[in-house]
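Student: Contents are compact mmCIF, N, CA and C atoms; file name query.txt:
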```txt
# COMPACT_ATOMS: atom_id res chain seq x y z
N MET N 215 -54.51 -22.82 9.04
CA MET N 215 -53.05 -22.80 9.02
C MET N 215 -52.58 -21.35 9.09
N THR N 216 -51.54 -21.12 9.85
CA THR N 216 -51.01 -19.78 9.98
C THR N 216 -50.18 -19.43 8.75
N SER N 217 -49.94 -18.15 8.56
CA SER N 217 -49.13 -17.73 7.42
C SER N 217 -47.69 -18.17 7.65
N PRO N 218 -46.99 -18.50 6.55
CA PRO N 218 -45.62 -18.99 6.72
C PRO N 218 -44.70 -17.90 7.26
N LEU N 219 -43.76 -18.34 8.06
CA LEU N 219 -42.75 -17.44 8.61
C LEU N 219 -41.69 -17.15 7.55
N LEU N 220 -40.91 -16.12 7.78
CA LEU N 220 -39.90 -15.72 6.81
C LEU N 220 -38.93 -16.86 6.50
N TYR N 221 -38.46 -17.58 7.53
CA TYR N 221 -37.50 -18.65 7.28
C TYR N 221 -38.11 -19.77 6.44
N GLN N 222 -39.43 -19.99 6.60
CA GLN N 222 -40.08 -21.02 5.81
C GLN N 222 -40.10 -20.64 4.33
N VAL N 223 -40.39 -19.39 4.06
CA VAL N 223 -40.39 -18.91 2.67
C VAL N 223 -38.98 -18.97 2.10
N LEU N 224 -37.99 -18.56 2.88
CA LEU N 224 -36.60 -18.58 2.42
C LEU N 224 -36.12 -20.01 2.14
N VAL N 225 -36.52 -20.94 2.99
CA VAL N 225 -36.13 -22.34 2.79
C VAL N 225 -36.70 -22.86 1.48
N ILE N 226 -37.96 -22.56 1.22
CA ILE N 226 -38.59 -23.03 -0.02
C ILE N 226 -37.92 -22.40 -1.24
N ILE N 227 -37.66 -21.10 -1.19
CA ILE N 227 -37.01 -20.43 -2.32
C ILE N 227 -35.61 -21.00 -2.55
N LEU N 228 -34.85 -21.17 -1.47
CA LEU N 228 -33.51 -21.74 -1.59
C LEU N 228 -33.55 -23.15 -2.17
N ALA N 229 -34.48 -23.95 -1.72
CA ALA N 229 -34.59 -25.32 -2.22
C ALA N 229 -34.96 -25.34 -3.70
N ILE N 230 -35.88 -24.50 -4.10
CA ILE N 230 -36.30 -24.47 -5.50
C ILE N 230 -35.14 -24.01 -6.39
N ILE N 231 -34.43 -22.98 -5.96
CA ILE N 231 -33.27 -22.51 -6.73
C ILE N 231 -32.22 -23.60 -6.83
N SER N 232 -31.97 -24.30 -5.73
CA SER N 232 -30.97 -25.38 -5.72
C SER N 232 -31.38 -26.50 -6.66
N ILE N 233 -32.64 -26.88 -6.62
CA ILE N 233 -33.11 -27.96 -7.50
C ILE N 233 -33.00 -27.55 -8.96
N ILE N 234 -33.31 -26.32 -9.28
CA ILE N 234 -33.19 -25.84 -10.66
C ILE N 234 -31.74 -25.87 -11.11
N LEU N 235 -30.83 -25.37 -10.26
CA LEU N 235 -29.41 -25.37 -10.61
C LEU N 235 -28.87 -26.79 -10.76
N LEU N 236 -29.31 -27.69 -9.90
CA LEU N 236 -28.88 -29.09 -10.00
C LEU N 236 -29.39 -29.73 -11.28
N THR N 237 -30.61 -29.41 -11.65
CA THR N 237 -31.18 -29.95 -12.88
C THR N 237 -30.39 -29.47 -14.09
N ILE N 238 -29.98 -28.21 -14.07
CA ILE N 238 -29.15 -27.68 -15.16
C ILE N 238 -27.82 -28.41 -15.22
N ARG N 239 -27.20 -28.61 -14.06
CA ARG N 239 -25.93 -29.37 -14.01
C ARG N 239 -26.12 -30.79 -14.54
N TYR N 240 -27.27 -31.39 -14.21
CA TYR N 240 -27.55 -32.75 -14.69
C TYR N 240 -27.69 -32.75 -16.21
N LYS N 241 -28.39 -31.75 -16.76
CA LYS N 241 -28.56 -31.68 -18.21
C LYS N 241 -27.24 -31.44 -18.92
N ASN N 242 -26.31 -30.77 -18.26
CA ASN N 242 -24.97 -30.54 -18.83
C ASN N 242 -24.04 -31.71 -18.56
N LYS N 243 -24.58 -32.79 -18.04
CA LYS N 243 -23.84 -34.03 -17.76
C LYS N 243 -22.72 -33.82 -16.73
N LYS N 244 -22.93 -32.92 -15.78
CA LYS N 244 -21.96 -32.70 -14.72
C LYS N 244 -22.42 -33.33 -13.41
N LEU N 245 -23.52 -34.06 -13.47
CA LEU N 245 -24.09 -34.69 -12.28
C LEU N 245 -24.74 -36.00 -12.70
N THR N 246 -24.55 -37.04 -11.92
CA THR N 246 -25.15 -38.33 -12.26
C THR N 246 -26.62 -38.35 -11.84
N THR N 247 -27.36 -39.29 -12.41
CA THR N 247 -28.77 -39.42 -12.07
C THR N 247 -28.94 -39.75 -10.60
N PHE N 248 -28.10 -40.62 -10.08
CA PHE N 248 -28.18 -41.00 -8.67
C PHE N 248 -27.94 -39.80 -7.77
N SER N 249 -26.92 -39.00 -8.08
CA SER N 249 -26.62 -37.82 -7.28
C SER N 249 -27.78 -36.83 -7.32
N LEU N 250 -28.33 -36.62 -8.50
CA LEU N 250 -29.48 -35.72 -8.64
C LEU N 250 -30.63 -36.21 -7.78
N PHE N 251 -30.91 -37.49 -7.83
CA PHE N 251 -32.00 -38.08 -7.06
C PHE N 251 -31.79 -37.88 -5.56
N ILE N 252 -30.61 -38.18 -5.08
CA ILE N 252 -30.31 -38.05 -3.65
C ILE N 252 -30.41 -36.60 -3.20
N ILE N 253 -29.86 -35.68 -3.99
CA ILE N 253 -29.87 -34.28 -3.59
C ILE N 253 -31.29 -33.71 -3.62
N ILE N 254 -32.10 -34.13 -4.59
CA ILE N 254 -33.49 -33.66 -4.62
C ILE N 254 -34.25 -34.18 -3.41
N ILE N 255 -34.02 -35.43 -3.02
CA ILE N 255 -34.65 -35.97 -1.82
C ILE N 255 -34.21 -35.16 -0.59
N PHE N 256 -32.92 -34.83 -0.52
CA PHE N 256 -32.39 -34.02 0.57
C PHE N 256 -33.14 -32.69 0.64
N TRP N 257 -33.29 -32.00 -0.48
CA TRP N 257 -33.97 -30.70 -0.48
C TRP N 257 -35.45 -30.83 -0.15
N LEU N 258 -36.08 -31.92 -0.56
CA LEU N 258 -37.48 -32.14 -0.20
C LEU N 258 -37.63 -32.34 1.31
N ILE N 259 -36.67 -33.02 1.90
CA ILE N 259 -36.68 -33.18 3.36
C ILE N 259 -36.49 -31.83 4.04
N ILE N 260 -35.59 -31.02 3.52
CA ILE N 260 -35.37 -29.68 4.08
C ILE N 260 -36.65 -28.85 3.99
N ILE N 261 -37.33 -28.93 2.86
CA ILE N 261 -38.61 -28.21 2.71
C ILE N 261 -39.61 -28.70 3.74
N SER N 262 -39.70 -30.02 3.91
CA SER N 262 -40.64 -30.59 4.89
C SER N 262 -40.33 -30.10 6.30
N ILE N 263 -39.06 -30.08 6.65
CA ILE N 263 -38.67 -29.61 7.98
C ILE N 263 -39.01 -28.13 8.13
N GLY N 264 -38.78 -27.37 7.07
CA GLY N 264 -39.09 -25.95 7.12
C GLY N 264 -40.58 -25.67 7.26
N LEU N 265 -41.41 -26.46 6.57
CA LEU N 265 -42.85 -26.24 6.63
C LEU N 265 -43.50 -26.81 7.89
N PHE N 266 -42.96 -27.92 8.36
CA PHE N 266 -43.55 -28.61 9.52
C PHE N 266 -42.48 -28.87 10.59
N PRO N 267 -41.94 -27.83 11.20
CA PRO N 267 -40.84 -28.03 12.16
C PRO N 267 -41.27 -28.82 13.40
N GLU N 268 -42.52 -28.72 13.79
CA GLU N 268 -42.98 -29.45 14.98
C GLU N 268 -43.01 -30.96 14.76
N GLU N 269 -43.09 -31.38 13.51
CA GLU N 269 -43.11 -32.82 13.21
C GLU N 269 -41.75 -33.47 13.46
N THR N 270 -40.70 -32.68 13.43
CA THR N 270 -39.38 -33.26 13.67
C THR N 270 -39.26 -33.80 15.10
N THR N 271 -40.02 -33.23 16.02
CA THR N 271 -39.99 -33.72 17.40
C THR N 271 -40.57 -35.12 17.48
N ILE N 272 -41.61 -35.38 16.71
CA ILE N 272 -42.21 -36.72 16.69
C ILE N 272 -41.21 -37.73 16.16
N VAL N 273 -40.53 -37.38 15.08
CA VAL N 273 -39.53 -38.28 14.51
C VAL N 273 -38.36 -38.44 15.49
N ALA N 274 -37.98 -37.35 16.16
CA ALA N 274 -36.87 -37.41 17.13
C ALA N 274 -37.21 -38.37 18.27
N HIS N 275 -38.43 -38.33 18.76
CA HIS N 275 -38.84 -39.26 19.83
C HIS N 275 -38.72 -40.71 19.37
N PHE N 276 -39.02 -40.95 18.10
CA PHE N 276 -38.90 -42.30 17.56
C PHE N 276 -37.46 -42.80 17.66
N PHE N 277 -36.49 -41.90 17.48
CA PHE N 277 -35.08 -42.27 17.55
C PHE N 277 -34.48 -42.09 18.94
N GLY N 278 -35.31 -41.76 19.91
CA GLY N 278 -34.85 -41.65 21.28
C GLY N 278 -34.27 -40.30 21.65
N LEU N 279 -34.52 -39.30 20.84
CA LEU N 279 -34.05 -37.95 21.14
C LEU N 279 -35.21 -37.13 21.66
N LYS N 280 -34.91 -36.07 22.40
CA LYS N 280 -35.97 -35.30 23.04
C LYS N 280 -36.54 -34.21 22.15
N ARG N 281 -35.70 -33.58 21.34
CA ARG N 281 -36.17 -32.47 20.53
C ARG N 281 -35.89 -32.72 19.06
N GLY N 282 -36.68 -32.08 18.22
CA GLY N 282 -36.46 -32.18 16.78
C GLY N 282 -35.13 -31.58 16.36
N PHE N 283 -34.73 -30.51 17.06
CA PHE N 283 -33.46 -29.89 16.74
C PHE N 283 -32.30 -30.86 16.96
N ASP N 284 -32.38 -31.67 18.01
CA ASP N 284 -31.33 -32.66 18.28
C ASP N 284 -31.21 -33.64 17.11
N LEU N 285 -32.34 -34.05 16.59
CA LEU N 285 -32.35 -34.97 15.45
C LEU N 285 -31.71 -34.30 14.24
N ILE N 286 -32.11 -33.08 13.96
CA ILE N 286 -31.56 -32.36 12.81
C ILE N 286 -30.06 -32.18 12.98
N PHE N 287 -29.63 -31.85 14.18
CA PHE N 287 -28.21 -31.66 14.46
C PHE N 287 -27.42 -32.95 14.24
N CYS N 288 -27.93 -34.06 14.75
CA CYS N 288 -27.24 -35.35 14.61
C CYS N 288 -27.17 -35.77 13.15
N VAL N 289 -28.26 -35.62 12.44
CA VAL N 289 -28.28 -35.98 11.02
C VAL N 289 -27.33 -35.08 10.24
N SER N 290 -27.29 -33.81 10.58
CA SER N 290 -26.38 -32.88 9.90
C SER N 290 -24.93 -33.27 10.10
N ILE N 291 -24.57 -33.64 11.32
CA ILE N 291 -23.19 -34.06 11.60
C ILE N 291 -22.87 -35.33 10.80
N GLY N 292 -23.78 -36.26 10.77
CA GLY N 292 -23.58 -37.48 9.97
C GLY N 292 -23.43 -37.17 8.49
N PHE N 293 -24.26 -36.27 7.99
CA PHE N 293 -24.20 -35.88 6.58
C PHE N 293 -22.87 -35.21 6.26
N LEU N 294 -22.42 -34.30 7.14
CA LEU N 294 -21.14 -33.63 6.93
C LEU N 294 -19.97 -34.61 6.98
N ALA N 295 -20.04 -35.58 7.88
CA ALA N 295 -18.99 -36.60 7.96
C ALA N 295 -18.95 -37.41 6.66
N TYR N 296 -20.10 -37.74 6.12
CA TYR N 296 -20.18 -38.47 4.84
C TYR N 296 -19.56 -37.64 3.72
N ILE N 297 -19.89 -36.36 3.68
CA ILE N 297 -19.36 -35.47 2.63
C ILE N 297 -17.84 -35.38 2.74
N ILE N 298 -17.32 -35.25 3.96
CA ILE N 298 -15.87 -35.18 4.15
C ILE N 298 -15.21 -36.48 3.68
N LEU N 299 -15.82 -37.60 3.99
CA LEU N 299 -15.30 -38.89 3.54
C LEU N 299 -15.26 -38.96 2.02
N ARG N 300 -16.35 -38.56 1.37
CA ARG N 300 -16.42 -38.59 -0.09
C ARG N 300 -15.36 -37.68 -0.70
N ILE N 301 -15.21 -36.49 -0.17
CA ILE N 301 -14.21 -35.55 -0.68
C ILE N 301 -12.81 -36.14 -0.52
N ASN N 302 -12.56 -36.77 0.62
CA ASN N 302 -11.26 -37.39 0.87
C ASN N 302 -10.99 -38.51 -0.13
N LEU N 303 -11.98 -39.34 -0.41
CA LEU N 303 -11.82 -40.42 -1.38
C LEU N 303 -11.55 -39.87 -2.78
N ILE N 304 -12.27 -38.82 -3.15
CA ILE N 304 -12.07 -38.21 -4.47
C ILE N 304 -10.66 -37.62 -4.57
N MET N 305 -10.23 -36.94 -3.52
CA MET N 305 -8.88 -36.35 -3.54
C MET N 305 -7.80 -37.42 -3.63
N ASN N 306 -7.98 -38.54 -2.91
CA ASN N 306 -7.00 -39.63 -2.98
C ASN N 306 -6.93 -40.20 -4.38
N LYS N 307 -8.08 -40.37 -5.01
CA LYS N 307 -8.13 -40.90 -6.38
C LYS N 307 -7.43 -39.93 -7.33
N GLN N 308 -7.68 -38.64 -7.20
CA GLN N 308 -7.04 -37.66 -8.06
C GLN N 308 -5.53 -37.62 -7.83
N ASN N 309 -5.11 -37.77 -6.58
CA ASN N 309 -3.67 -37.80 -6.29
C ASN N 309 -3.01 -38.99 -6.95
N GLU N 310 -3.66 -40.15 -6.92
CA GLU N 310 -3.11 -41.34 -7.56
C GLU N 310 -3.01 -41.14 -9.07
N GLU N 311 -4.06 -40.57 -9.67
CA GLU N 311 -4.03 -40.32 -11.12
C GLU N 311 -2.94 -39.31 -11.47
N LEU N 312 -2.81 -38.27 -10.67
CA LEU N 312 -1.78 -37.25 -10.90
C LEU N 312 -0.39 -37.86 -10.79
N THR N 313 -0.18 -38.73 -9.82
CA THR N 313 1.10 -39.39 -9.66
C THR N 313 1.43 -40.24 -10.89
N LYS N 314 0.45 -40.97 -11.41
CA LYS N 314 0.67 -41.79 -12.61
C LYS N 314 1.05 -40.91 -13.80
N ILE N 315 0.36 -39.79 -13.95
CA ILE N 315 0.64 -38.89 -15.08
C ILE N 315 2.04 -38.30 -14.95
N ILE N 316 2.40 -37.87 -13.75
CA ILE N 316 3.73 -37.28 -13.53
C ILE N 316 4.82 -38.31 -13.79
N ARG N 317 4.62 -39.55 -13.35
CA ARG N 317 5.61 -40.60 -13.60
C ARG N 317 5.77 -40.85 -15.10
N LYS N 318 4.64 -40.88 -15.81
CA LYS N 318 4.68 -41.12 -17.24
C LYS N 318 5.43 -39.99 -17.95
N ILE N 319 5.15 -38.75 -17.57
CA ILE N 319 5.84 -37.61 -18.18
C ILE N 319 7.33 -37.64 -17.84
N ALA N 320 7.65 -38.00 -16.60
CA ALA N 320 9.06 -38.06 -16.19
C ALA N 320 9.81 -39.13 -16.99
N ILE N 321 9.19 -40.27 -17.19
CA ILE N 321 9.83 -41.34 -17.97
C ILE N 321 10.01 -40.90 -19.42
N GLU N 322 9.01 -40.26 -20.00
CA GLU N 322 9.12 -39.78 -21.38
C GLU N 322 10.20 -38.72 -21.50
N ASN N 323 10.29 -37.83 -20.54
CA ASN N 323 11.32 -36.79 -20.57
C ASN N 323 12.71 -37.38 -20.42
N GLU N 324 12.85 -38.41 -19.59
CA GLU N 324 14.14 -39.06 -19.41
C GLU N 324 14.59 -39.71 -20.71
N GLU N 325 13.64 -40.36 -21.41
CA GLU N 325 13.97 -41.00 -22.69
C GLU N 325 14.39 -39.94 -23.71
N THR N 326 13.72 -38.79 -23.70
CA THR N 326 14.05 -37.71 -24.63
C THR N 326 15.45 -37.16 -24.34
N VAL N 327 15.78 -36.99 -23.08
CA VAL N 327 17.10 -36.48 -22.68
C VAL N 327 18.18 -37.47 -23.09
N GLU N 328 17.94 -38.77 -22.92
CA GLU N 328 18.91 -39.80 -23.29
C GLU N 328 19.14 -39.80 -24.80
N GLU N 329 18.10 -39.58 -25.60
CA GLU N 329 18.22 -39.57 -27.04
C GLU N 329 19.05 -38.38 -27.52
N GLU N 330 18.93 -37.23 -26.81
CA GLU N 330 19.66 -36.03 -27.19
C GLU N 330 21.16 -36.20 -26.90
N ASP N 331 21.51 -36.97 -25.88
CA ASP N 331 22.92 -37.16 -25.52
C ASP N 331 23.58 -38.10 -26.46
```
Give the structure from the file, written as structure tokens.
Tutor:
Amino acid sequence: MTSPLLYQVLVIILAIISIILLTIRYKNKKLTTFSLFIIIIFWLIIISIGLFPEETTIVAHFFGLKRGFDLIFCVSIGFLAYIILRINLIMNKQNEELTKIIRKIAIENEETVEEED
């Protein structure tokens, strides 16, 4: 086996640091077990791609793509679309909660103003 290239070493270091930081967030109860599991699997896949980039071509052929980079690109776009969808859903939920809180405060303030008059 040839010595690892710089990007391979960087990918491994980045993945290890990310997994450590995620584990700390999980211990502080800022991350669910499911999220931790999914993200660790994601980083393990990234490590695999970094260590064995030629293997992505084999997987790409299985999905009907010509190059491994095409597969990585398509998966990345799908992953980013999923993340955008999740962020949008979270923002909508927060907006609904914020609207309920503002309405409740407005009603309480109106009652207070009426009592003062």
Student: Do you have the atom C of Val289 (chain N)-CA of Phe256 (chain N) distance handy?
Tutor: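 Taking atom C of Val289 (chain N) and CA of Phe256 (chain N), their separation equals 11.0 Å.
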Student: Of the candidates N:Ile286, N:Ile254, N:Val273, N:Ile315, which shows the shortest atom-to-atom distance to Ile233 (chain N), using only N, CA and C atoms?
Tutor: N:Ile254
Student: Quote the spacing between atom N of Pro218 (chain N) and atom N of Phe266 (chain N) in Å to one decimal place.
Tutor: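 Interatomic distance, atom N of Pro218 (chain N) to atom N of Phe266 (chain N): 10.4 Å.
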Student: Hey, what's within 12 Å of Trp257 (chain N) if we count only C-alpha atoms and toss same-chain stuff fewer than 6 positions away? As JSON, numbers by chain, please?
Tutor: {"N": [225, 226, 227, 228, 229, 230, 231, 232, 233, 234, 236, 250, 251, 263, 264]}
Student: May I have the residues within 10 Å of Phe283 (chain N) as a compact mmCIF listing (two decimals) with N, CA and C atoms, keeping the file's coordinate frame, using only C-alpha atoms and disregarding those fewer than 6 positions away in the same chain?
Tutor:
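Written file, selection14.txt:
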```txt
# COMPACT_ATOMS: atom_id res chain seq x y z
N PRO N 267 -41.94 -27.83 11.20
CA PRO N 267 -40.84 -28.03 12.16
C PRO N 267 -41.27 -28.82 13.40
N GLU N 268 -42.52 -28.72 13.79
CA GLU N 268 -42.98 -29.45 14.98
C GLU N 268 -43.01 -30.96 14.76
N THR N 270 -40.70 -32.68 13.43
CA THR N 270 -39.38 -33.26 13.67
C THR N 270 -39.26 -33.80 15.10
N THR N 271 -40.02 -33.23 16.02
CA THR N 271 -39.99 -33.72 17.40
C THR N 271 -40.57 -35.12 17.48
N ALA N 274 -37.98 -37.35 16.16
CA ALA N 274 -36.87 -37.41 17.13
C ALA N 274 -37.21 -38.37 18.27
N VAL N 289 -28.26 -35.62 12.44
CA VAL N 289 -28.28 -35.98 11.02
C VAL N 289 -27.33 -35.08 10.24
```
Student: CA of Ser290 (chain N) and atom C of Ser262 (chain N) are how many Å apart?
Tutor: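 We find that CA of Ser290 (chain N) and atom C of Ser262 (chain N) lie 14.7 Å from each other.
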